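Trainee: Dropping a structure here in structure tokens format, bear with me for questions.
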Amino acid sequence: MLTLLKTYFGFDNFRPLQEEIIDNILKQKDTLVLMPTGGGKSLCYQLPALKLNGLTLVISPLISLMKDQVDSLKTNGISAEFINSSLALPEIRDIEKKSLEGKIKILYLAPERLASSGFQTFLKKLNVGLIAIDEAHCISEWGHDFRPDYRNLKAIRQSFPAIPVVALTATATPKVREDIINQLELQKAKVFISSFNRPNLNYFVRPKRRTFENLVSILQKYKDQPVIIYCFSRKETENIASDLREIGFDARAYHAGLPSEKRQKVQEKFIRDKIQIIVATIAFGMGIDKPDVRLVVHYSLPKTIEGYYQETGRAGRDGLSSDCILFYSYGDTVKHNFFINQIRDHTEKSNIQKKLQQMVDYCEQKTCRRNYLLSYFGEGSLLEEKSNCQGCDVCLTPREDFDATEIAQKILSAILKTDERFGLTHIINVLKGSHNKRVLEWGHDKLSVYGISNKVSSDELKYVIDLLVGEGLLGRSADSYKTLYVASKGRIFLKQKEKLTLKKPHFEDEITTEVKKKGALDYDEVLFAKLRSLRRELADDLRVPPFMVFGDTALQQMSFYFPQSTDSFRRISGVGEGKLERFGKVFIDLISSYAKENNLEEKIIAAPRTFEKKIKPANGRSLKRRGSTYSITRELLLQKKTIEEIANLRQIAPGTVINHIEKFFNSGETLNLSHIALPPDRLEKIQEAFQKTNQWNLWPVKNLLGEEFSYDEIRLARIFLTQK
Ligand code: ADP
Ligand code: ZN
């Protein structure tokens, strides 16, 4: 299978779960795949299609994507076609004929085709090996994108009772999932759910102040790179697009109010790298599949976490580091509330309000944003507790420790004294000695805790309460009142008069939007730009989007390794046999002449190996179980791989690798780590700093050492210094 993967698709490793899914399909079993955007769903049926006898039918609702998928398969040397309403009858007849003659491996179909009995008759004559149903949530009325045509799929299942079906979607609510299984009559389907974490996406929330100026300075860092900016209204998209054009950016508006030819043109140009920036309403994105979007900006507050996750999900589908920046102001909720207030249905209204509030919570929260998103989708436990995700503004901006013992005692007492019957606002009012009506009505102005924290700002109190919930000292009731109560850990803390250290919040402006390119290659940018324009020329000739020639990953590797022979070029990720034959020579020529001019030598590209596949899913569920993820890092360390290499291979942050190493040592395991030891002079400097600060916390040491030392390096040093 790895050979097929490399030969046809040019990839060296499977993404998480792909191999298990393909394996299940090849065993002729029904399969349901829940994977986030960019997870690599297509490959899950395209690769089995090559191995199975007969033809693979793919049902897909998006006509524009169908053509792209087929073009992409053809550039990889795979015989594929599609049938939908965009084709003329003779073309359809021709494809039908070829299908019957067994000349086509993968055939894409629009669901409405299935309604015609003539077409059904044609299908029955085909030798079908696999049926793949893309965007399978469209079959469910519970999903956000119900398409009545999808109900016709029942018939296809009945026409081919013995042929395995694989259904794929990025929507994972249990209700939709069950509906898919029932509607499609999947037989004992094995369900594969992959994590919805997108490790290559970096999440930032910025205050919505001097927003346009800030946007411009952000955009300057994404020269020539595809960007999507989401706005609240059609008018806003047009204004921002024209303001951006005025100062020289290549930006176009996109919204449902534009004529459809115009929309199509803008979209097409964006996909073909002829427009850099799209300024859009949420109408943009459904039918596009551009893998190399490097930045998604939300200029206004999105309505729901689901929407936000989906829109940001359009960044970095190719797995390269990409950024998601949201400009937040609480004032934006007013615009939403205007619409919400017009809703009559009470339940619907309160549901929408609740979702908006969760979006506000996301923006206002002072702990890891990724963690928030994952726990929203029911996955909180996947991230190691309190670990630094290295990819959100909160985690990337280090925070100082402070002694929170006293303030925590006050908060906890206030909650106990008011009988654990109130939410955040009331508790803060009591602590601050507010003359609020409710406080007086309840007689809480008579309590000893009344006004006890009147010098502390409400924001700070709110922040500490959030942290206390996070630390497990406080709990919040699950209903909409969010009543605060003191958890058993909090009671012990009070009783035993324990000390408590928490992290200080940072001021909004300190929050970084500086992006660390995780595991990225330090490639030659001049060559990269040249390769990009070559790629665009070739794509224009072939009338396909540039990324179908080669993706950014491939170009970056070329600009790092400078491969100049067929053999080394073949090792680049994304170079399969089809593309090698078609494009190899022109690219090698360009790389060779550039290398010669600049005296650059070819670097050796290590033969790739697959490690992710060794992780076995537990009941088809997530991969990132503790034991396994550590043991892989451990295995790689034993093979004397460096931290950088491990991070690259596993597509995780170097910081996470160091986390793992820390865990080994804390659990008393001994490993020989001489190959990742720090240079003695640097280790010595860090050691001195630890001695000076007389403790083992990182922050004071980092403060002392300054920019020259990174947190990761200090943390690694701490491992060596504390190990006996
Ligand atoms: P999805 O449909 O889940 O959003 P796609 O199938 O479009 O994802 O894949 C997203 C991107 O990932 C594509 O550019 C694809 O070429 C790439 N991709 C898929 N599988 C692999 C793999 N095993 N190695 C490298 N890239 C992959
Ligand atoms: Zn984080």
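Residue numbers start at 1 in each chain; chains themselves are named A, B, ... in the order of the structure tokens; ligands are numbered from 1 in the order shown.
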Give the helix (DSSP H, G or I) residues of stretch 288-501 of chain A, as assigned by DSSP on the backbone, as a ChimeraX atom specification.

Mentor: /A:305-312,332-340,346-364,369-376,380-382,393-396,405-417,424-432,437-441,444-446,458-470,488-495

Trainee: Give the residue list for ligand 1 at 9 Å, counting only C-alpha atoms and all ligand atoms, as a PyMOL selection string, sorted by chain and then by residue number.

Mentor: chain A and resi 5+9-16+18-19+34-44+69+134-135+168-170+289-292+313-314+316-319+547-548+551+553+573-574

Trainee: If we count only C-alpha atoms and set the cut-off at 6 Å, which residues sit around stretch 197-209 of chain A, ignoring sequence neighbours fewer than 3 positions away in its own chain? Please answer as a ChimeraX atom specification.

Mentor: /A:319-329,391-393

Trainee: Deliver the residues from the most recent selection as a file, using C-alpha atoms, as a tab-separated table (two decimals), in the first residue's frame.

Mentor:
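So the final result, stored in again.tsv, reads:
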```tsv
chain	number	residue	atom	x	y	z
A	319	GLY	CA	-0.71	20.25	6.59
A	320	LEU	CA	1.69	23.20	6.49
A	321	SER	CA	1.63	25.72	9.31
A	322	SER	CA	-1.16	28.29	8.77
A	323	ASP	CA	-2.79	31.01	10.85
A	324	CYS	CA	-6.29	31.89	11.97
A	325	ILE	CA	-6.74	35.37	13.37
A	326	LEU	CA	-9.97	36.66	14.85
A	327	PHE	CA	-10.58	40.33	15.66
A	328	TYR	CA	-12.77	40.39	18.71
A	329	SER	CA	-14.90	43.03	20.29
A	391	GLY	CA	-0.12	27.21	18.50
A	392	CYS	CA	-2.46	29.75	20.08
A	393	ASP	CA	-1.91	33.26	21.34
```

Trainee: Could you tell me, counting only C-alpha atoms and all ligand atoms, which protein and nucleic acid residues lie no more than 10 Å from ligand 2, written as a PyMOL selection string?

Mentor: chain A and resi 202-204+366-372+383+386-397

Trainee: Expressed in Å to a single decimal, how great is the separation between atom CA of A:Glu645 and atom CA of A:Glu669?

Mentor: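 Value for the atom CA of A:Glu645-atom CA of A:Glu669 distance: 21.9 Å.
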
Trainee: My list of candidates is A:Ile78, A:Ile415, A:Val266, A:Leu26. Which is closest to A:Arg476 when distances are computed with only C-alpha atoms?

Mentor: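 Smallest distance to A:Arg476 is found for A:Ile415.
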
Trainee: Taking 2 positions as the minimum chain separation for residues in the same chain, which residues sit within 8 Å of stretch 273-282 of chain A when counting only C-alpha atoms? Answer as a ChimeraX atom specification.

Mentor: /A:224-234,237-238,240-241,249-256,266,269-271,284-285,311,536,545-546

Trainee: Only C-alpha atoms, please: the residues just picked out, written as a PDB file, in the first residue's frame.

Mentor:
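Below you can see result_39.pdb, which holds the result:
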```pdb
ATOM      1  CA  ASP A 224       1.870  36.299  -2.258  1.00  0.00           C
ATOM      2  CA  GLN A 225       0.184  33.757  -0.005  1.00  0.00           C
ATOM      3  CA  PRO A 226      -3.491  32.864  -0.284  1.00  0.00           C
ATOM      4  CA  VAL A 227      -5.636  34.579   2.359  1.00  0.00           C
ATOM      5  CA  ILE A 228      -9.364  34.510   3.186  1.00  0.00           C
ATOM      6  CA  ILE A 229     -10.912  37.339   5.215  1.00  0.00           C
ATOM      7  CA  TYR A 230     -14.401  36.652   6.573  1.00  0.00           C
ATOM      8  CA  CYS A 231     -16.680  39.631   7.220  1.00  0.00           C
ATOM      9  CA  PHE A 232     -20.085  40.168   8.750  1.00  0.00           C
ATOM     10  CA  SER A 233     -21.917  41.773   5.820  1.00  0.00           C
ATOM     11  CA  ARG A 234     -21.775  42.045   2.054  1.00  0.00           C
ATOM     12  CA  THR A 237     -16.593  42.724   2.256  1.00  0.00           C
ATOM     13  CA  GLU A 238     -16.778  45.252  -0.546  1.00  0.00           C
ATOM     14  CA  ILE A 240     -12.525  46.177   2.895  1.00  0.00           C
ATOM     15  CA  ALA A 241     -11.658  44.690  -0.467  1.00  0.00           C
ATOM     16  CA  PHE A 249      -3.221  44.490  -2.174  1.00  0.00           C
ATOM     17  CA  ASP A 250      -4.691  42.050  -4.619  1.00  0.00           C
ATOM     18  CA  ALA A 251      -8.069  41.599  -2.924  1.00  0.00           C
ATOM     19  CA  ARG A 252     -11.586  40.833  -4.211  1.00  0.00           C
ATOM     20  CA  ALA A 253     -14.955  40.679  -2.516  1.00  0.00           C
ATOM     21  CA  TYR A 254     -17.130  37.570  -2.601  1.00  0.00           C
ATOM     22  CA  HIS A 255     -20.692  37.253  -1.343  1.00  0.00           C
ATOM     23  CA  ALA A 256     -24.024  35.761  -2.287  1.00  0.00           C
ATOM     24  CA  VAL A 266     -13.426  35.278  -8.387  1.00  0.00           C
ATOM     25  CA  LYS A 269      -8.974  33.065  -9.921  1.00  0.00           C
ATOM     26  CA  PHE A 270      -8.319  32.556  -6.247  1.00  0.00           C
ATOM     27  CA  ILE A 271      -7.844  28.835  -6.751  1.00  0.00           C
ATOM     28  CA  PHE A 284     -17.500  31.533   0.484  1.00  0.00           C
ATOM     29  CA  GLY A 285     -15.798  28.226   0.946  1.00  0.00           C
ATOM     30  CA  GLU A 311     -14.124  28.520   8.289  1.00  0.00           C
ATOM     31  CA  ARG A 536       1.693  28.359 -12.300  1.00  0.00           C
ATOM     32  CA  PRO A 545      -5.098  24.843 -10.441  1.00  0.00           C
ATOM     33  CA  PRO A 546      -1.383  25.191  -9.591  1.00  0.00           C
TER      34      PRO A 546
END
```

Trainee: Report the distance between atom CA of A:Lys455 and atom CA of A:Leu502 in Å, rounded to one decimal place.

Mentor: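 These two atoms are separated by 19.0 Å.
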